[in-house]
file work11.txt (compact mmCIF, C-alpha atoms)
# COMPACT_ATOMS: atom_id res chain seq x y z
CA MET A 1 1.59 8.04 10.64
CA ASN A 2 1.68 5.10 8.27
CA ARG A 3 3.78 3.20 10.83
CA PHE A 4 1.02 3.26 13.47
CA LYS A 5 -0.41 -0.20 14.24
CA VAL A 6 -3.19 -1.67 16.35
CA GLU A 7 -3.60 -5.44 16.54
CA MET A 8 -6.12 -7.35 18.61
CA ILE A 9 -4.45 -9.89 20.92
CA ARG A 10 -7.48 -11.45 22.58
CA GLN A 11 -11.14 -10.73 23.24
CA ILE A 12 -13.86 -12.32 25.30
CA PRO A 13 -16.15 -14.30 22.97
CA SER A 14 -19.87 -13.51 22.77
CA PRO A 15 -19.41 -10.14 24.51
CA GLN A 16 -22.95 -8.96 23.89
CA GLN A 17 -24.33 -12.10 25.53
CA ALA A 18 -22.11 -11.39 28.55
CA ILE A 19 -23.49 -7.85 28.76
CA TYR A 20 -27.03 -9.19 28.34
CA ALA A 21 -26.51 -11.68 31.18
CA ALA A 22 -25.29 -8.93 33.49
CA MET A 23 -28.17 -6.67 32.48
CA HIS A 24 -30.71 -9.48 32.86
CA GLN A 25 -29.44 -10.46 36.31
CA ASP A 26 -30.25 -6.95 37.54
CA TYR A 27 -33.97 -7.67 37.32
CA CYS A 28 -34.18 -11.48 37.13
CA GLU A 29 -35.44 -13.43 40.12
CA ASP A 30 -33.47 -16.52 39.09
CA PHE A 31 -29.79 -17.34 38.73
CA VAL A 32 -29.33 -16.23 35.12
CA THR A 33 -26.98 -18.98 33.99
CA ASP A 34 -29.63 -21.54 34.89
CA HIS A 35 -31.36 -20.33 31.73
CA CYS A 36 -28.33 -19.74 29.48
CA ALA A 37 -29.68 -22.18 26.89
CA GLN A 38 -32.57 -19.76 26.37
CA TRP A 39 -30.47 -16.62 26.08
CA PRO A 40 -31.02 -14.69 22.83
CA SER A 41 -28.46 -14.87 20.03
CA GLU A 42 -25.40 -12.62 20.10
CA LYS A 43 -27.03 -10.27 17.60
CA LYS A 44 -30.33 -10.19 19.46
CA CYS A 45 -28.50 -9.53 22.73
CA GLY A 46 -26.81 -6.55 21.11
CA GLU A 47 -30.16 -5.20 19.97
CA LEU A 48 -31.64 -5.63 23.47
CA ILE A 49 -28.65 -3.86 25.04
CA VAL A 50 -29.14 -0.89 22.75
CA LYS A 51 -32.89 -0.81 23.41
CA ARG A 52 -32.81 -1.27 27.18
CA LEU A 53 -29.51 0.35 28.21
CA LEU A 54 -28.28 2.78 25.59
CA ALA A 55 -31.06 4.21 23.42
CA GLY A 56 -32.58 7.44 24.63
CA ASP A 57 -29.50 8.26 26.73
CA LYS A 58 -30.67 6.06 29.57
CA GLY A 59 -27.10 6.03 30.89
CA HIS A 60 -27.03 2.46 32.19
CA TYR A 61 -23.43 1.63 31.26
CA GLY A 62 -22.48 -0.68 34.13
CA PRO A 63 -23.16 -4.01 32.38
CA LEU A 64 -20.82 -2.97 29.56
CA GLU A 65 -17.88 -3.26 31.94
CA HIS A 66 -17.88 -7.08 31.89
CA PRO A 67 -16.46 -8.11 28.48
CA SER A 68 -12.85 -7.12 27.73
CA ILE A 69 -10.61 -6.83 24.69
CA VAL A 70 -6.80 -6.61 24.52
CA PHE A 71 -4.88 -4.57 21.94
CA ASN A 72 -1.24 -4.23 20.97
CA CYS A 73 -0.58 -0.65 19.87
CA GLY A 74 2.66 0.16 18.12
CA TYR A 75 4.86 2.96 16.83
CA PHE A 76 2.82 5.73 18.43
CA PRO A 77 4.56 8.77 19.93
CA HIS A 78 4.98 9.02 23.66
CA SER A 79 2.42 11.84 23.78
CA VAL A 80 -0.34 9.49 22.59
CA MET A 81 0.59 6.83 25.13
CA GLN A 82 0.56 9.50 27.84
CA GLN A 83 -2.94 10.68 26.92
CA ILE A 84 -4.42 7.20 26.57
CA ARG A 85 -2.97 6.13 29.90
CA THR A 86 -5.10 8.69 31.72
CA HIS A 87 -8.34 6.81 31.02
CA ARG A 88 -10.12 4.84 33.71
CA LEU A 89 -10.83 1.10 33.64
CA LEU A 90 -7.87 0.49 31.37
CA SER A 91 -4.92 -1.83 32.05
CA PHE A 92 -1.72 -0.73 30.41
CA ASP A 93 1.79 -2.14 29.88
CA VAL A 94 4.11 0.14 27.94
CA GLN A 95 7.58 -0.35 26.54
CA SER A 96 9.98 1.02 29.17
CA ASN A 97 12.70 3.45 28.16
CA ARG A 98 14.70 2.09 31.07
CA TYR A 99 15.05 -1.32 29.43
CA THR A 100 14.48 -0.76 25.72
CA GLY A 101 17.11 1.76 24.75
CA ASN A 102 18.82 -0.40 22.14
CA ARG A 103 16.52 0.94 19.45
CA ILE A 104 17.76 4.47 20.21
CA VAL A 105 21.37 3.34 19.92
CA ASP A 106 20.45 1.62 16.65
CA ALA A 107 19.09 4.92 15.36
CA ALA A 108 22.31 6.68 16.37
CA THR A 109 24.42 4.15 14.49
CA GLY A 110 22.19 3.91 11.42
CA LYS A 111 20.95 0.36 12.07
CA ARG A 112 17.40 1.70 12.24
CA GLU A 113 15.78 4.58 10.43
CA ILE A 114 15.54 7.59 12.71
CA GLU A 115 11.79 7.79 12.01
CA GLU A 116 11.28 4.22 13.19
CA VAL A 117 12.37 5.39 16.62
CA PHE A 118 11.16 9.01 16.82
CA TYR A 119 7.90 10.51 15.58
CA LEU A 120 7.53 13.80 13.74
CA ARG A 121 4.35 14.98 12.08
CA PRO A 122 4.28 15.01 8.28
CA VAL A 123 4.88 18.24 6.39
CA GLY A 124 1.61 20.09 5.97
CA SER A 125 -0.94 22.58 7.27
CA TYR A 126 -2.11 22.35 10.87
CA THR A 127 -4.40 24.15 13.30
CA ASP A 128 -3.80 24.63 17.01
CA ARG A 129 -6.46 24.33 19.72
CA GLN A 130 -7.31 28.03 19.35
CA GLY A 131 -7.94 27.67 15.61
CA LYS A 132 -4.72 29.33 14.48
CA LYS A 133 -3.38 27.84 11.24
CA TYR A 134 0.29 27.24 10.60
CA GLU A 135 2.59 25.40 8.20
CA TYR A 136 5.12 22.72 9.10
CA THR A 137 7.63 22.88 6.27
CA GLN A 138 10.10 20.37 4.90
CA LEU A 139 12.92 22.62 6.06
CA GLN A 140 11.58 22.58 9.62
CA ARG A 141 11.07 18.84 9.53
CA ASP A 142 14.57 18.15 8.22
CA ARG A 143 15.96 20.31 11.01
CA ASP A 144 13.92 18.41 13.61
CA LEU A 145 15.02 15.03 12.22
CA ALA A 146 18.64 16.13 12.49
CA TRP A 147 18.04 17.14 16.09
CA CYS A 148 16.49 13.72 16.85
CA LEU A 149 19.58 12.05 15.39
CA GLU A 150 21.89 14.21 17.50
CA ALA A 151 19.86 13.35 20.60
CA ALA A 152 20.16 9.64 19.82
CA LYS A 153 23.91 10.02 19.42
CA ARG A 154 24.14 11.86 22.72
CA TYR A 155 22.12 9.07 24.34
CA GLN A 156 24.55 6.51 22.94
CA GLN A 157 27.48 8.58 24.23
CA LEU A 158 26.04 8.78 27.74
CA LEU A 159 25.61 5.01 27.86
CA ALA A 160 29.18 4.55 26.66
CA GLU A 161 30.33 6.85 29.46
CA GLY A 162 28.59 4.61 32.00
CA ALA A 163 25.30 6.44 32.57
CA ALA A 164 22.26 4.36 33.52
CA GLU A 165 19.46 4.08 30.97
CA GLU A 166 17.04 5.97 33.23
CA HIS A 167 19.58 8.81 33.32
CA ALA A 168 20.36 8.85 29.61
CA ARG A 169 16.71 8.73 28.53
CA GLY A 170 16.21 12.22 29.94
CA ILE A 171 17.77 13.77 26.85
CA ILE A 172 15.85 11.90 24.15
CA PRO A 173 13.07 13.73 22.27
CA PHE A 174 9.67 13.59 23.95
CA ASP A 175 7.91 11.80 21.10
CA VAL A 176 10.02 8.68 21.01
CA ARG A 177 7.86 5.91 19.54
CA GLN A 178 6.55 3.33 21.98
CA HIS A 179 4.60 0.08 21.84
CA TRP A 180 2.11 -0.98 24.48
CA VAL A 181 -0.51 -3.57 25.35
CA MET A 182 -3.80 -2.36 26.78
CA SER A 183 -6.98 -4.07 27.85
CA LEU A 184 -10.34 -2.36 27.98
CA ASN A 185 -13.92 -3.27 28.61
CA ALA A 186 -16.69 -2.18 26.27
CA ARG A 187 -17.57 0.83 28.40
CA SER A 188 -14.01 2.09 28.77
CA LEU A 189 -13.42 1.62 25.06
CA MET A 190 -16.36 3.89 24.29
CA HIS A 191 -15.08 6.36 26.88
CA LEU A 192 -11.71 6.41 25.09
CA LEU A 193 -13.41 6.97 21.73
CA ASP A 194 -15.56 9.76 23.19
CA MET A 195 -12.53 11.65 24.41
CA ARG A 196 -9.88 10.90 21.76
CA TRP A 197 -11.86 10.53 18.52
CA LYS A 198 -13.52 13.93 18.60
CA LYS A 199 -12.47 16.52 16.05
CA ASP A 200 -10.34 18.64 18.38
CA ALA A 201 -8.45 15.68 19.89
CA GLN A 202 -4.76 15.31 19.16
CA LEU A 203 -4.36 14.20 15.56
CA GLU A 204 -2.33 11.12 16.49
CA CYS A 205 -4.91 10.09 19.10
CA GLN A 206 -7.61 10.30 16.44
CA LYS A 207 -5.50 8.00 14.28
CA LEU A 208 -5.28 5.49 17.14
CA CYS A 209 -9.07 5.53 17.43
CA ASN A 210 -9.40 5.06 13.67
CA LEU A 211 -7.35 1.87 14.00
CA ILE A 212 -9.24 0.62 17.08
CA TRP A 213 -12.67 1.21 15.54
CA PRO A 214 -12.81 -1.76 13.11
CA HIS A 215 -11.96 -4.15 15.96
CA PHE A 216 -14.76 -2.65 18.06
CA GLN A 217 -17.23 -2.98 15.18
CA GLU A 218 -16.36 -6.63 14.66
CA TRP A 219 -16.47 -7.42 18.39
CA VAL A 220 -19.78 -5.79 19.38
CA PRO A 221 -21.46 -4.89 16.07
CA GLU A 222 -24.89 -3.83 17.36
CA ILE A 223 -23.41 -1.67 20.12
CA ALA A 224 -20.90 -0.19 17.66
CA ALA A 225 -23.69 0.68 15.20
CA TRP A 226 -25.52 2.55 17.97
CA TYR A 227 -22.30 4.29 18.99
CA LEU A 228 -21.51 5.39 15.44
CA GLN A 229 -24.95 6.96 15.05
CA SER A 230 -25.32 8.57 18.47
CA ARG A 231 -21.88 9.40 19.88
CA ALA A 232 -18.99 8.99 17.44
CA LYS A 233 -16.81 12.10 17.04
CA LYS A 234 -19.43 14.32 18.67
CA GLY A 235 -17.37 15.18 21.75
CA ARG A 236 -20.18 14.29 24.13
CA LEU A 237 -19.46 13.85 27.81
CA ALA A 238 -17.91 10.41 28.16
CA PRO A 239 -19.91 7.81 30.15
call {"tool": "encode", "arguments": {"input": "work11.txt", "output": "structure tokens"}}
result
Amino acid sequence: MNRFKVEMIRQIPSPQQAIYAAMHQDYCEDFVTDHCAQWPSEKKCGELIVKRLLAGDKGHYGPLEHPSIVFNCGYFPHSVMQQIRTHRLLSFDVQSNRYTGNRIVDAATGKREIEEVFYLRPVGSYTDRQGKKYEYTQLQRDRDLAWCLEAAKRYQQLLAEGAAEEHARGIIPFDVRQHWVMSLNARSLMHLLDMRWKKDAQLECQKLCNLIWPHFQEWVPEIAAWYLQSRAKKGRLAP
């Protein structure tokens, strides 16, 4: 999991002021930008958002949909990408295994480490969704790595025999590593954290949320502080 990466590409500046403006327009008689010089500071806007929209489970999440942030996520297994892609209000561009098969060929020929291309969990103790404990041993992991290598070699062979990439990719292991770019608004980011940061979420999804969290804290600090206290890792129904 030490290969997993999340980098921020771009974010809307002053996001809490943008949320405040949207919230304020809901009950303001005037055109809100006529008074933008009098808007509270970014920090004060965050505090007002928490007080008027979020505290006490008021449930007014609509204004949080205006500011957006863009992440580059890398080296995660396909299963994580598949789960994250199910979330609403999220734009997503993922590395295509129709056009990016060279890395698999590189793994087959030894130009890349096999674990740079395919993901396997570390050796250790795990628990399934029903609470059953089991061990993933070094012997099992070595066997699975060997199978990943054989699959990469078979992929390379199929391409050499003239098969199209979309045909050959059908035999590669499910958890090939993939990179993607995703954009979220503040509400959808909290929705993602609600669903994928809870204690029974897939371990690799929790790791993704761990890497997203510092960016969220820096971007909307007052909202993030409220989220950490009231919702983080509690598995509450996502807004």
call {"tool": "closest_residue", "arguments": {"input": "work11.txt", "among": "A:Thr127, A:Asn72, A:Gln17, A:Asn97", "to": "Cys36 in chain A", "atoms": "all atoms listed in the file"}}
result
A:Gln17
call {"tool": "atom_distance", "arguments": {"input": "work11.txt", "atom1": "CA of Gln157 in chain A", "atom2": "CA of Ala107 in chain A"}}
result
12.7 Å
call {"tool": "residues_around", "arguments": {"input": "work11.txt", "residues": "Ser183 in chain A", "least_positions_apart": "2", "cutoff": "7 Å", "atoms": "only C-alpha atoms", "output": "mmCIF file with C-alpha atoms, in the coordinates of the input"}}
result
data_model
loop_
_atom_site.group_PDB
_atom_site.id
_atom_site.type_symbol
_atom_site.label_atom_id
_atom_site.label_comp_id
_atom_site.auth_asym_id
_atom_site.auth_seq_id
_atom_site.Cartn_x
_atom_site.Cartn_y
_atom_site.Cartn_z
ATOM 1 C CA SER A 68 -12.850 -7.120 27.730
ATOM 2 C CA ILE A 69 -10.610 -6.830 24.690
ATOM 3 C CA VAL A 70 -6.800 -6.610 24.520
ATOM 4 C CA PHE A 71 -4.880 -4.570 21.940
ATOM 5 C CA LEU A 90 -7.870 0.490 31.370
ATOM 6 C CA SER A 91 -4.920 -1.830 32.050
ATOM 7 C CA PHE A 92 -1.720 -0.730 30.410
ATOM 8 C CA VAL A 181 -0.510 -3.570 25.350
#
call {"tool": "atom_distance", "arguments": {"input": "work11.txt", "atom1": "CA of Asp57 in chain A", "atom2": "CA of Arg231 in chain A"}}
result
10.3 Å
call {"tool": "residues_around", "arguments": {"input": "work11.txt", "residues": "Phe31 in chain A", "least_positions_apart": "5", "cutoff": "12 Å", "atoms": "all atoms listed in the file", "output": "number ranges by chain"}}
result
A: 21-22, 24-26, 36
call {"tool": "write_last_selection", "arguments": {"input": "work11.txt", "atoms": "C-alpha atoms", "output": "PDB file, in the frame of the given file"}}
result
ATOM      1  CA  ALA A  21     -26.510 -11.680  31.180  1.00  0.00           C
ATOM      2  CA  ALA A  22     -25.290  -8.930  33.490  1.00  0.00           C
ATOM      3  CA  HIS A  24     -30.710  -9.480  32.860  1.00  0.00           C
ATOM      4  CA  GLN A  25     -29.440 -10.460  36.310  1.00  0.00           C
ATOM      5  CA  ASP A  26     -30.250  -6.950  37.540  1.00  0.00           C
ATOM      6  CA  CYS A  36     -28.330 -19.740  29.480  1.00  0.00           C
TER       7      CYS A  36
END
call {"tool": "closest_residue", "arguments": {"input": "work11.txt", "among": "A:Gln83, A:Gly124, A:Ser14, A:Pro221", "to": "Gln206 in chain A", "atoms": "all atoms listed in the file"}}
result
A:Gln83
call {"tool": "atom_distance", "arguments": {"input": "work11.txt", "atom1": "CA of Val50 in chain A", "atom2": "CA of Pro239 in chain A"}}
result
14.7 Å
call {"tool": "residues_around", "arguments": {"input": "work11.txt", "residues": "Gly235 in chain A", "least_positions_apart": "3", "cutoff": "7 Å", "atoms": "only C-alpha atoms", "output": "PyMOL selection string"}}
result
chain A and resi 194-195+198
call {"tool": "write_last_selection", "arguments": {"input": "work11.txt", "atoms": "C-alpha atoms", "output": "CSV table (one decimal), keeping the file's coordinate frame"}}
result
chain,number,residue,atom,x,y,z
A,194,ASP,CA,-15.6,9.8,23.2
A,195,MET,CA,-12.5,11.6,24.4
A,198,LYS,CA,-13.5,13.9,18.6
call {"tool": "closest_residue", "arguments": {"input": "work11.txt", "among": "A:His66, A:Lys234, A:Arg52, A:Lys133", "to": "Ala186 in chain A", "atoms": "all atoms listed in the file"}}
result
A:His66
call {"tool": "closest_residue", "arguments": {"input": "work11.txt", "among": "A:Pro214, A:Pro173, A:Gly162, A:Pro15", "to": "Pro67 in chain A", "atoms": "all atoms listed in the file"}}
result
A:Pro15
call {"tool": "closest_residue", "arguments": {"input": "work11.txt", "among": "A:Met1, A:Val123, A:Leu192, A:Ala108", "to": "Tyr155 in chain A", "atoms": "all atoms listed in the file"}}
result
A:Ala108
call {"tool": "residues_around", "arguments": {"input": "work11.txt", "residues": "Gln178 in chain A", "least_positions_apart": "6", "cutoff": "6 Å", "atoms": "all atoms listed in the file", "output": "PyMOL selection string"}}
result
chain A and resi 75-76+95
call {"tool": "closest_residue", "arguments": {"input": "work11.txt", "among": "A:Leu149, A:Ala37, A:Met190, A:Ala232", "to": "Tyr61 in chain A", "atoms": "all atoms listed in the file"}}
result
A:Met190
call {"tool": "residues_around", "arguments": {"input": "work11.txt", "residues": "Ser79 in chain A", "least_positions_apart": "4", "cutoff": "9 Å", "atoms": "all atoms listed in the file", "output": "PyMOL selection string"}}
result
chain A and resi 83-84+174-176+204-205
call {"tool": "decode", "arguments": {"input": "work11.txt", "residues": "range 102-114 of chain A", "atoms": "all heavy atoms", "output": "PDB file, in the first residue's frame"}}
result
ATOM      1  N   ASN A 102       1.036  -1.250 -22.139  1.00  0.00           N
ATOM      2  CA  ASN A 102       2.497  -1.394 -22.188  1.00  0.00           C
ATOM      3  C   ASN A 102       3.084  -1.717 -20.818  1.00  0.00           C
ATOM      4  O   ASN A 102       4.092  -2.425 -20.718  1.00  0.00           O
ATOM      5  CB  ASN A 102       3.143  -0.111 -22.734  1.00  0.00           C
ATOM      6  CG  ASN A 102       2.945   0.040 -24.225  1.00  0.00           C
ATOM      7  OD1 ASN A 102       2.671  -0.936 -24.923  1.00  0.00           O
ATOM      8  ND2 ASN A 102       3.083   1.253 -24.727  1.00  0.00           N
ATOM      9  N   ARG A 103       2.463  -1.197 -19.763  1.00  0.00           N
ATOM     10  CA  ARG A 103       2.996  -1.460 -18.429  1.00  0.00           C
ATOM     11  C   ARG A 103       2.878  -2.943 -18.074  1.00  0.00           C
ATOM     12  O   ARG A 103       3.714  -3.481 -17.321  1.00  0.00           O
ATOM     13  CB  ARG A 103       2.310  -0.576 -17.391  1.00  0.00           C
ATOM     14  CG  ARG A 103       0.856  -0.903 -17.092  1.00  0.00           C
ATOM     15  CD  ARG A 103       0.190   0.247 -16.358  1.00  0.00           C
ATOM     16  NE  ARG A 103      -1.097  -0.095 -15.779  1.00  0.00           N
ATOM     17  CZ  ARG A 103      -2.227  -0.235 -16.473  1.00  0.00           C
ATOM     18  NH1 ARG A 103      -2.211  -0.069 -17.794  1.00  0.00           N
ATOM     19  NH2 ARG A 103      -3.358  -0.544 -15.864  1.00  0.00           N
ATOM     20  N   ILE A 104       1.861  -3.606 -18.627  1.00  0.00           N
ATOM     21  CA  ILE A 104       1.691  -5.045 -18.372  1.00  0.00           C
ATOM     22  C   ILE A 104       2.751  -5.835 -19.125  1.00  0.00           C
ATOM     23  O   ILE A 104       3.346  -6.785 -18.595  1.00  0.00           O
ATOM     24  CB  ILE A 104       0.270  -5.480 -18.762  1.00  0.00           C
ATOM     25  CG1 ILE A 104      -0.755  -4.698 -17.931  1.00  0.00           C
ATOM     26  CG2 ILE A 104       0.087  -6.986 -18.566  1.00  0.00           C
ATOM     27  CD1 ILE A 104      -2.174  -4.837 -18.404  1.00  0.00           C
ATOM     28  N   VAL A 105       3.030  -5.422 -20.349  1.00  0.00           N
ATOM     29  CA  VAL A 105       4.105  -6.048 -21.117  1.00  0.00           C
ATOM     30  C   VAL A 105       5.442  -5.817 -20.420  1.00  0.00           C
ATOM     31  O   VAL A 105       6.293  -6.716 -20.339  1.00  0.00           O
ATOM     32  CB  VAL A 105       4.132  -5.508 -22.561  1.00  0.00           C
ATOM     33  CG1 VAL A 105       5.345  -6.040 -23.320  1.00  0.00           C
ATOM     34  CG2 VAL A 105       2.840  -5.879 -23.288  1.00  0.00           C
ATOM     35  N   ASP A 106       5.641  -4.613 -19.887  1.00  0.00           N
ATOM     36  CA  ASP A 106       6.877  -4.315 -19.162  1.00  0.00           C
ATOM     37  C   ASP A 106       7.040  -5.236 -17.955  1.00  0.00           C
ATOM     38  O   ASP A 106       8.158  -5.659 -17.630  1.00  0.00           O
ATOM     39  CB  ASP A 106       6.881  -2.863 -18.694  1.00  0.00           C
ATOM     40  CG  ASP A 106       7.111  -1.876 -19.832  1.00  0.00           C
ATOM     41  OD1 ASP A 106       7.512  -2.316 -20.923  1.00  0.00           O
ATOM     42  OD2 ASP A 106       6.887  -0.666 -19.608  1.00  0.00           O
ATOM     43  N   ALA A 107       5.933  -5.529 -17.280  1.00  0.00           N
ATOM     44  CA  ALA A 107       6.000  -6.450 -16.143  1.00  0.00           C
ATOM     45  C   ALA A 107       6.355  -7.857 -16.605  1.00  0.00           C
ATOM     46  O   ALA A 107       7.114  -8.569 -15.933  1.00  0.00           O
ATOM     47  CB  ALA A 107       4.671  -6.457 -15.396  1.00  0.00           C
ATOM     48  N   ALA A 108       5.836  -8.252 -17.757  1.00  0.00           N
ATOM     49  CA  ALA A 108       6.129  -9.591 -18.280  1.00  0.00           C
ATOM     50  C   ALA A 108       7.590  -9.745 -18.652  1.00  0.00           C
ATOM     51  O   ALA A 108       8.179 -10.824 -18.497  1.00  0.00           O
ATOM     52  CB  ALA A 108       5.244  -9.866 -19.496  1.00  0.00           C
ATOM     53  N   THR A 109       8.189  -8.657 -19.111  1.00  0.00           N
ATOM     54  CA  THR A 109       9.579  -8.717 -19.573  1.00  0.00           C
ATOM     55  C   THR A 109      10.586  -8.284 -18.516  1.00  0.00           C
ATOM     56  O   THR A 109      11.792  -8.272 -18.774  1.00  0.00           O
ATOM     57  CB  THR A 109       9.753  -7.833 -20.818  1.00  0.00           C
ATOM     58  OG1 THR A 109       9.399  -6.480 -20.508  1.00  0.00           O
ATOM     59  CG2 THR A 109       8.877  -8.341 -21.963  1.00  0.00           C
ATOM     60  N   GLY A 110      10.104  -7.893 -17.332  1.00  0.00           N
ATOM     61  CA  GLY A 110      11.004  -7.511 -16.259  1.00  0.00           C
ATOM     62  C   GLY A 110      11.424  -6.055 -16.274  1.00  0.00           C
ATOM     63  O   GLY A 110      12.267  -5.644 -15.463  1.00  0.00           O
ATOM     64  N   LYS A 111      10.862  -5.244 -17.162  1.00  0.00           N
ATOM     65  CA  LYS A 111      11.205  -3.824 -17.194  1.00  0.00           C
ATOM     66  C   LYS A 111      10.565  -3.058 -16.048  1.00  0.00           C
ATOM     67  O   LYS A 111      11.006  -1.961 -15.695  1.00  0.00           O
ATOM     68  CB  LYS A 111      10.777  -3.210 -18.529  1.00  0.00           C
ATOM     69  CG  LYS A 111      11.576  -3.727 -19.724  1.00  0.00           C
ATOM     70  CD  LYS A 111      11.109  -3.059 -21.005  1.00  0.00           C
ATOM     71  CE  LYS A 111      11.891  -3.574 -22.208  1.00  0.00           C
ATOM     72  NZ  LYS A 111      11.420  -2.956 -23.476  1.00  0.00           N
ATOM     73  N   ARG A 112       9.485  -3.588 -15.514  1.00  0.00           N
ATOM     74  CA  ARG A 112       8.831  -3.030 -14.333  1.00  0.00           C
ATOM     75  C   ARG A 112       8.667  -4.132 -13.298  1.00  0.00           C
ATOM     76  O   ARG A 112       8.470  -5.301 -13.652  1.00  0.00           O
ATOM     77  CB  ARG A 112       7.443  -2.450 -14.649  1.00  0.00           C
ATOM     78  CG  ARG A 112       7.422  -1.255 -15.564  1.00  0.00           C
ATOM     79  CD  ARG A 112       5.987  -0.807 -15.766  1.00  0.00           C
ATOM     80  NE  ARG A 112       5.865   0.204 -16.805  1.00  0.00           N
ATOM     81  CZ  ARG A 112       5.424   1.440 -16.605  1.00  0.00           C
ATOM     82  NH1 ARG A 112       5.072   1.828 -15.396  1.00  0.00           N
ATOM     83  NH2 ARG A 112       5.323   2.288 -17.595  1.00  0.00           N
ATOM     84  N   GLU A 113       8.694  -3.744 -12.033  1.00  0.00           N
ATOM     85  CA  GLU A 113       8.392  -4.707 -10.984  1.00  0.00           C
ATOM     86  C   GLU A 113       6.941  -5.164 -11.126  1.00  0.00           C
ATOM     87  O   GLU A 113       6.052  -4.368 -11.436  1.00  0.00           O
ATOM     88  CB  GLU A 113       8.578  -4.074  -9.610  1.00  0.00           C
ATOM     89  CG  GLU A 113       9.999  -3.715  -9.258  1.00  0.00           C
ATOM     90  CD  GLU A 113      10.089  -3.118  -7.865  1.00  0.00           C
ATOM     91  OE1 GLU A 113       9.229  -3.445  -7.021  1.00  0.00           O
ATOM     92  OE2 GLU A 113      10.995  -2.308  -7.637  1.00  0.00           O
ATOM     93  N   ILE A 114       6.713  -6.431 -10.890  1.00  0.00           N
ATOM     94  CA  ILE A 114       5.365  -6.969 -11.031  1.00  0.00           C
ATOM     95  C   ILE A 114       4.394  -6.253 -10.087  1.00  0.00           C
ATOM     96  O   ILE A 114       3.230  -6.017 -10.421  1.00  0.00           O
ATOM     97  CB  ILE A 114       5.354  -8.490 -10.797  1.00  0.00           C
ATOM     98  CG1 ILE A 114       4.022  -9.114 -11.238  1.00  0.00           C
ATOM     99  CG2 ILE A 114       5.660  -8.848  -9.359  1.00  0.00           C
ATOM    100  CD1 ILE A 114       3.804  -9.127 -12.724  1.00  0.00           C
TER     101      ILE A 114
END
